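Here's the structure, in structure tokens; my notes come after.
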Protein chains: 4
Amino acid sequence: MLRFGILGTGRIGDMHAGIVAAQPDACVTWCFDVAADRAEATASRLGARATTDVDAALGAPDVDAVLIASPTDTHVGLILKAAEAGKPILCEKPIDVDIAKVEDCRRRLEDYDVTLQLGFNRRFDPSHKAVRDAVAAGEIGALELLVITSRDPGPPPPRPILEACGGLFRDTSIHDFDMARYVLGEEAVEVYAMAANRVDPIFAELDDVDTAMIVMRSESGALVHINNSRRTNYGYDQRVEAFGALGMVRSNNHRPSEVSRHDAGGTARREPLLHFFIERYRAAYEAEIRAFIDCVAAGTRPPVTFRDGHRALLLAEAAIASWRENRPVRVDYGDS
Amino acid sequence: MLRFGILGTGRIGDMHAGIVAAQPDACVTWCFDVAADRAEATASRLGARATTDVDAALGAPDVDAVLIASPTDTHVGLILKAAEAGKPILCEKPIDVDIAKVEDCRRRLEDYDVTLQLGFNRRFDPSHKAVRDAVAAGEIGALELLVITSRDPGPPPPRPILEACGGLFRDTSIHDFDMARYVLGEEAVEVYAMAANRVDPIFAELDDVDTAMIVMRSESGALVHINNSRRTNYGYDQRVEAFGALGMVRSNNHRPSEVSRHDAGGTARREPLLHFFIERYRAAYEAEIRAFIDCVAAGTRPPVTFRDGHRALLLAEAAIASWRENRPVRVDYGDS
Amino acid sequence: MLRFGILGTGRIGDMHAGIVAAQPDACVTWCFDVAADRAEATASRLGARATTDVDAALGAPDVDAVLIASPTDTHVGLILKAAEAGKPILCEKPIDVDIAKVEDCRRRLEDYDVTLQLGFNRRFDPSHKAVRDAVAAGEIGALELLVITSRDPGPPPPRPILEACGGLFRDTSIHDFDMARYVLGEEAVEVYAMAANRVDPIFAELDDVDTAMIVMRSESGALVHINNSRRTNYGYDQRVEAFGALGMVRSNNHRPSEVSRHDAGGTARREPLLHFFIERYRAAYEAEIRAFIDCVAAGTRPPVTFRDGHRALLLAEAAIASWRENRPVRVDYGDS
Amino acid sequence: MLRFGILGTGRIGDMHAGIVAAQPDACVTWCFDVAADRAEATASRLGARATTDVDAALGAPDVDAVLIASPTDTHVGLILKAAEAGKPILCEKPIDVDIAKVEDCRRRLEDYDVTLQLGFNRRFDPSHKAVRDAVAAGEIGALELLVITSRDPGPPPPRPILEACGGLFRDTSIHDFDMARYVLGEEAVEVYAMAANRVDPIFAELDDVDTAMIVMRSESGALVHINNSRRTNYGYDQRVEAFGALGMVRSNNHRPSEVSRHDAGGTARREPLLHFFIERYRAAYEAEIRAFIDCVAAGTRPPVTFRDGHRALLLAEAAIASWRENRPVRVDYGDS
């Protein structure tokens, strides 16, 4: 039985806590949040203890591992505290939107031998994972073209969230950079980004963009395309298409049911796509936590690491430089 | 070059004539119709001679074969005339809606050695044919269940046409009885039909039905279901599903294009199905005429025979008896 | 917090217990099974007490409701015991395969005022439910044709299960009879069944069938078709198609993911369908338990009642009579 | 009746000639080819005169219009000859692969008032056209993202054809540049191209590429992505996806039939896509010729002009410069 401390019990932390509790070999024992009522709400539902003192949760002997789902700018601090406490960590993405903080964290983590899994949940989605597994198994031969469509269901989030999120490339495209690395099985080495303001004036006010197209080249020469929008009105549009010498494999969109309608207005009409990331990626969140528990139990390396978070952010930085300077940018992974 | 006389140049005859003319090894030389203007319209477009005298067309030395597309109640007479003239015949379905006339025609045809292909065009549809070919090739193992959906795009045709058509089972279901025999590769031996009046009061006035469900058993024990309606409002709904020990193969509906729409009202919305039989079965009509020309050239037996028309009508008669008497009916093929 | 006693903790009971435990307002307090180890396995996982004495579970003050998931032939006895104990009941389908026992149970239940929800789980499937909701809302106008495809993933279950199950019509088709009643919103009044042995010789040995086609007529004149097979090799084939004056709405099959493959062997290839009923109907089982908890909390009538189970069984009996005597059968609902 | 001279009766010219002959208001009277047997083959099939002297065809009084389907490097010469002869012209794409020749041709055409329609056939495809019509009608609101997938069925054509074709961007992507302009309804003003050699070493030998990803920005700020490959093994992959403020409309792939297969290897498996451009774009070629005939009859401006060919080639030149110099390139349309 792996006993979790949940650090941050807002919407996402509460969801994670419920998934932990549903596992036969895991439970939630402590819930920390700076807001006492939020910590209490999750804790009481799951028979756990609530606290607003993170050290109480980290120091508790009945906490075997922590799940960090607090605001992004607290991730690095909590990662280091948990590492010091010697607790295995499952941390929501991103590590941070400030590359300097991420690199400082990386250096300081060298002092610890701690299990840290980063929450790139989409790697665990059954449809996206099937694409990656097919590529890795050689089903489509050498990968030649990878096309990732990733458009948020709209409208855009409120201004304070947008201000803190690091912008489109660090907040949204970062999932796609990670997906590209996951499916490619190698690094992207060159990035070109074209972007625009098409959705809402707020993005321009924040010196950000809401619409983007990115192309990348991988080490071995495969080409990657990502397109992003901050809004659709038909649901969460999330697709991955891998094309190679022997064929193509695609991850298509998910809907609430398999019903279709046929009438004078058209045929085969399906429902809007699953709208919200918690619904769309429910199975992925479950598999992610399952994988973390299994890794801790087995003492193996987690399937998504700090380095994956660092490198995805380096791709976001490259895309931002490319967009601002309107030129292709080589990615320098340094000692990441 | 196979030179055709077209007997009957209404809408369907005119369509057939155009397809003949588009073949590299066939042409139309004579057009007969009781309405001089109709005969003239088709003939002038194709550089053929028009006539209202059927014997002129049948006796013309530059007519190598005839295509009968006149009203149903004239088919038997024209078949016998053409047989007497020794011209290969492609005749629109049905032979007749009166089983006694069909059986009399069968006996009288025994005096002639004439090529006669019956116009069950759906056998030539690429999608339906792929189902039959898969079954015949053993792809799905022994056939166990066959489900045929066949619903006319609405509204129903005008009263005079309905009065002459022989009713739903002889006019519409007959295509499905033939499709069942085609896919089964054997005879249906028992029929039960349940029917209703749901679409338009005119059908009840004519002692006919507009909605039906039929089940049949084949010689070897496969089960068949047909469902019919005289009206849809989303286009011509035409599907065939064959299920067997090793899998399932389906013929799905056709649309004018492959465009799909995704918006707040739903996703993956396609256009209404192809509406009219001339559009939906265009490729089938072309392949049907192609097959006839090839048979005549090679001197081989046509792929759809008089016997196929006779037996499909016997199934319609059995369905009518079943519906009227509300009991399953064994089919007596006699010497058909 | 609704505290459940689970009566029967085999595969299905254990699944139900896990779903109960995942609800925020319900928990499992007692687990009964005739096999102590099975009761213990479920109980220990969920922090409940295990017993092999059903009266201990039914009499426990910390049991507010019972979920019956024991073998079918024990359902009636447990229903009556629970009714006597005054505990709301969620009982797996069927009530019993013996119509006499069901009718006796019905009469004896008249002495109690107990909430009883029957486990026709498919009514809660999001896809099937969307079909019924569309019909009930008038989206397709008057219902004219209803086609239900229901084929078990193979191979057939072991002989002892087949011997106890009551045969294809009472075991498999009964779900489809209930689905028909659910979508129709009225009763089916006439049934004709054609059946065959195509899958495995064991069914003939048991005087049962493995393949069937059924047609029914509803009170208002809509026509219904059901087709069943005891085996597919592409997964659990479960579809509902409702056709009416204004259009068609369909519930299509579910798959593990949305991945598709395109190569020299074909395009758009999807995975096999979800195979096992526990996977295929997972969301339905969750919604079913959710509905029961809500009914008990609100004191309202459950969405699936004893009468629904009784009437579906009467349809199965009619289908059996129709198949054995090869004639359409009127359904006598008597005082059901 | 519009009487055509066909200039060039290779595979494509012969196809065009057959389509012309199938129109009710057009016919082929002359066939020119440098190879007498090719000219004769088409002419004899359609009752036309064959010649190896292009001036004979152009000067014939019974030629009202010409269709140029000769090798690309002869297009400009024949366009000018036909213009001088005052015959309306339908010319296969591209005008030429040498931008200097195209610009010279443009200047010399200023002396003539001749109808010239360029053969960008894909504009007439019913699926692609439906996308453009939906965008033009405002169905998806302001266009934000346009994604064009265009991959040739393999293997690559023989070396001499590759040597003459002008390379991937001028030969293949040019269709996609035109499609982008067609759907956008405005110009692309900036181009970035990333390309690779993944398919066959011959492309590198010819200093060409076989795999490419392009991004473009339109005048109003919409973003466009094109991806190309010289080979698929599942057929001709041709898709257009337009995304805007109100939704998305897509043109999906075409197949020979609507059959699908379901077995132990997977479900919903469709046939490979239509393979060859003559099959895939058959309906488009027919609509293209139909549009030309209608324009000539009505004296209106053709729907695809010399300028469209010129501007698509300017985009190809920009893409080539971008690829070679690895930088985004502004497109200078000059006085095109």
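By order in the structure tokens, chains are A, B, ...; within a chain, residues start at 1; ligands start at 1, following the order shown.
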May I ask you to extract the residues of chain B within 6 Å of chain A, using only C-alpha atoms, and to give them as a list in words? Asn233, Tyr234, Asp263, Ala264, Gly266, Thr267, Ala268, Arg269, Arg270, Glu271 and Pro272 of chain B
Counting only C-alpha atoms, what is within 12 Å of Glu40 in chain B, bar same-chain residues fewer than 2 positions away, as a list in words? Ile6, Gly8, Thr9, Gly10, Asp14, Trp30, Cys31, Phe32, Asp33, Val34, Ala35, Ala36, Asp37, Arg38, Thr42, Ala43, Ser44, Arg45, Leu46, Gly47, Ala48, Arg49, Ala50, Thr51 and Thr52 of chain B
Please save N, CA, C and O atoms of the selected residues as a compact mmCIF listing (two decimals), in the first residue's frame.
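The resulting file, out-v5.txt, is reproduced below:
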# COMPACT_ATOMS: atom_id res chain seq x y z
N ILE B 6 -32.23 1.02 -78.16
CA ILE B 6 -32.76 1.30 -76.82
C ILE B 6 -34.29 1.29 -76.91
O ILE B 6 -34.87 2.10 -77.65
N GLY B 8 -37.44 2.19 -75.16
CA GLY B 8 -37.93 2.97 -74.02
C GLY B 8 -36.87 3.97 -73.63
O GLY B 8 -35.81 3.59 -73.13
N THR B 9 -37.15 5.26 -73.90
CA THR B 9 -36.14 6.29 -73.63
C THR B 9 -36.65 7.33 -72.65
O THR B 9 -36.46 8.53 -72.83
N GLY B 10 -37.34 6.85 -71.63
CA GLY B 10 -37.66 7.73 -70.49
C GLY B 10 -36.39 8.01 -69.72
O GLY B 10 -35.27 7.83 -70.23
N ASP B 14 -32.83 6.76 -71.12
CA ASP B 14 -31.91 7.80 -71.56
C ASP B 14 -30.57 7.68 -70.83
O ASP B 14 -29.51 7.84 -71.42
N TRP B 30 -30.36 2.94 -82.59
CA TRP B 30 -31.81 3.18 -82.68
C TRP B 30 -32.37 3.45 -81.29
O TRP B 30 -31.98 2.83 -80.32
N CYS B 31 -33.33 4.40 -81.27
CA CYS B 31 -34.06 4.68 -80.04
C CYS B 31 -35.55 4.56 -80.31
O CYS B 31 -36.10 5.31 -81.13
N PHE B 32 -36.20 3.64 -79.59
CA PHE B 32 -37.64 3.49 -79.71
C PHE B 32 -38.32 4.02 -78.45
O PHE B 32 -37.86 3.75 -77.33
N ASP B 33 -39.43 4.75 -78.66
CA ASP B 33 -40.30 5.08 -77.54
C ASP B 33 -41.69 5.34 -78.12
O ASP B 33 -41.82 5.80 -79.26
N VAL B 34 -42.72 5.07 -77.32
CA VAL B 34 -44.07 5.38 -77.83
C VAL B 34 -44.27 6.88 -77.96
O VAL B 34 -45.10 7.33 -78.74
N ALA B 35 -43.52 7.65 -77.22
CA ALA B 35 -43.57 9.11 -77.35
C ALA B 35 -42.46 9.55 -78.29
O ALA B 35 -41.27 9.39 -77.97
N ALA B 36 -42.84 10.07 -79.45
CA ALA B 36 -41.85 10.40 -80.47
C ALA B 36 -40.82 11.40 -79.95
O ALA B 36 -39.63 11.30 -80.26
N ASP B 37 -41.26 12.38 -79.15
CA ASP B 37 -40.32 13.41 -78.70
C ASP B 37 -39.27 12.83 -77.76
O ASP B 37 -38.11 13.23 -77.78
N ARG B 38 -39.68 11.86 -76.95
CA ARG B 38 -38.70 11.23 -76.05
C ARG B 38 -37.67 10.43 -76.85
O ARG B 38 -36.47 10.50 -76.58
N THR B 42 -33.32 11.52 -77.09
CA THR B 42 -32.15 10.68 -76.84
C THR B 42 -31.38 10.42 -78.13
O THR B 42 -30.14 10.50 -78.17
N ALA B 43 -32.12 10.13 -79.20
CA ALA B 43 -31.47 9.78 -80.47
C ALA B 43 -30.62 10.93 -81.00
O ALA B 43 -29.47 10.73 -81.41
N SER B 44 -31.15 12.13 -80.94
CA SER B 44 -30.41 13.25 -81.54
C SER B 44 -29.13 13.53 -80.76
O SER B 44 -28.11 13.90 -81.32
N ARG B 45 -29.20 13.33 -79.45
CA ARG B 45 -28.01 13.57 -78.63
C ARG B 45 -26.88 12.60 -78.95
O ARG B 45 -25.71 12.91 -78.81
N LEU B 46 -27.28 11.40 -79.40
CA LEU B 46 -26.27 10.34 -79.58
C LEU B 46 -26.05 9.97 -81.04
O LEU B 46 -25.37 8.97 -81.33
N GLY B 47 -26.66 10.73 -81.94
CA GLY B 47 -26.47 10.42 -83.35
C GLY B 47 -27.15 9.13 -83.77
O GLY B 47 -26.68 8.43 -84.68
N ALA B 48 -28.28 8.78 -83.10
CA ALA B 48 -29.00 7.55 -83.43
C ALA B 48 -30.28 7.88 -84.18
O ALA B 48 -30.63 9.05 -84.34
N ARG B 49 -31.00 6.86 -84.68
CA ARG B 49 -32.30 7.08 -85.34
C ARG B 49 -33.41 6.88 -84.32
O ARG B 49 -33.35 5.97 -83.49
N ALA B 50 -34.43 7.71 -84.40
CA ALA B 50 -35.57 7.61 -83.48
C ALA B 50 -36.74 6.95 -84.20
O ALA B 50 -36.92 7.13 -85.41
N THR B 51 -37.53 6.20 -83.41
CA THR B 51 -38.72 5.60 -84.00
C THR B 51 -39.78 5.38 -82.94
O THR B 51 -39.46 5.23 -81.77
N THR B 52 -41.05 5.35 -83.38
CA THR B 52 -42.13 4.95 -82.48
C THR B 52 -42.62 3.55 -82.87
O THR B 52 -43.61 3.07 -82.34
With only C-alpha atoms counted and 10 Å as the cut-off, give the residues of range 240-274 of chain A in contact with range 168-185 of chain A, each with its shortest interatomic distance in Å and the pair that gives it, as a tab-separated table.
residue	atom	partner	partner_atom	distance
A:Val240	CA	A:Met179	CA	8.5
A:Glu241	CA	A:Val183	CA	9.8
A:Ala242	CA	A:Val183	CA	8.1
So that I can check the secondary structure, give me every residue of range 38-189 of chain A assigned helix (DSSP H, G or I) by backbone DSSP, as a PyMOL selection string. chain A and resi 38-46+54-59+72-84+99-109+121-124+126-136+159-164+168-171+173-184
Give me the residues within 7 Å of Val63 in chain A as a PyMOL selection string, counting only C-alpha atoms and dropping any in the same chain fewer than 4 places off. chain A and resi 3-5+29
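For the atom pair formed by CA of Gly166 in chain C and CA of Thr115 in chain C, the distance is 26.5 Å, given to one decimal.
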Would you give me, as a list in words, the residues in range 82-193 of chain C that DSSP reads as strand (DSSP E)? Ile89, Leu90, Cys91, Glu92, Leu116, Gln117, Leu118, Gly119, Leu143, Glu144, Leu145, Leu146, Val147, Ile148, Thr149, Ser150, Arg151, Asp152, Pro153, Ala188, Val189, Glu190, Val191, Tyr192 and Ala193 of chain C
Selection file, C-alpha atoms, as an mmCIF file, in the first residue's frame:
data_model
loop_
_atom_site.group_PDB
_atom_site.id
_atom_site.type_symbol
_atom_site.label_atom_id
_atom_site.label_comp_id
_atom_site.auth_asym_id
_atom_site.auth_seq_id
_atom_site.Cartn_x
_atom_site.Cartn_y
_atom_site.Cartn_z
ATOM 1 C CA ILE C 89 -32.164 -3.795 -3.570
ATOM 2 C CA LEU C 90 -30.042 -3.504 -6.708
ATOM 3 C CA CYS C 91 -30.273 -6.965 -8.308
ATOM 4 C CA GLU C 92 -28.302 -8.243 -11.295
ATOM 5 C CA LEU C 116 -35.848 -2.729 -6.217
ATOM 6 C CA GLN C 117 -33.726 -1.773 -9.218
ATOM 7 C CA LEU C 118 -33.009 -4.475 -11.777
ATOM 8 C CA GLY C 119 -29.564 -4.618 -13.376
ATOM 9 C CA LEU C 143 -40.224 5.630 -34.446
ATOM 10 C CA GLU C 144 -40.701 3.237 -37.379
ATOM 11 C CA LEU C 145 -37.839 0.750 -37.381
ATOM 12 C CA LEU C 146 -35.589 -0.349 -34.526
ATOM 13 C CA VAL C 147 -32.629 -2.614 -35.294
ATOM 14 C CA ILE C 148 -30.613 -4.131 -32.441
ATOM 15 C CA THR C 149 -27.392 -6.019 -33.112
ATOM 16 C CA SER C 150 -26.106 -7.969 -30.154
ATOM 17 C CA ARG C 151 -23.370 -10.514 -30.608
ATOM 18 C CA ASP C 152 -21.245 -11.922 -27.823
ATOM 19 C CA PRO C 153 -17.517 -11.984 -28.210
ATOM 20 C CA ALA C 188 -43.799 -5.166 -28.026
ATOM 21 C CA VAL C 189 -46.965 -7.162 -28.632
ATOM 22 C CA GLU C 190 -45.994 -9.745 -31.224
ATOM 23 C CA VAL C 191 -42.799 -11.755 -31.687
ATOM 24 C CA TYR C 192 -41.420 -14.018 -34.395
ATOM 25 C CA ALA C 193 -38.065 -15.753 -33.934
#
Straight-line distance linking CA of Ile289 in chain A with CA of Ala17 in chain A, stated in Å to one decimal: 9.9 Å
Long-range neighbours of Arg282 in chain D as a PyMOL selection string, 9 Å cut-off, only C-alpha atoms, 5 positions minimum in chain: chain D and resi 125+277+287
Using Å and a single decimal, report how far CA of Ala245 in chain B sits from CA of Ala142 in chain B.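 About the pair CA of Ala142 in chain B and CA of Ala245 in chain B: they are 5.6 Å apart.
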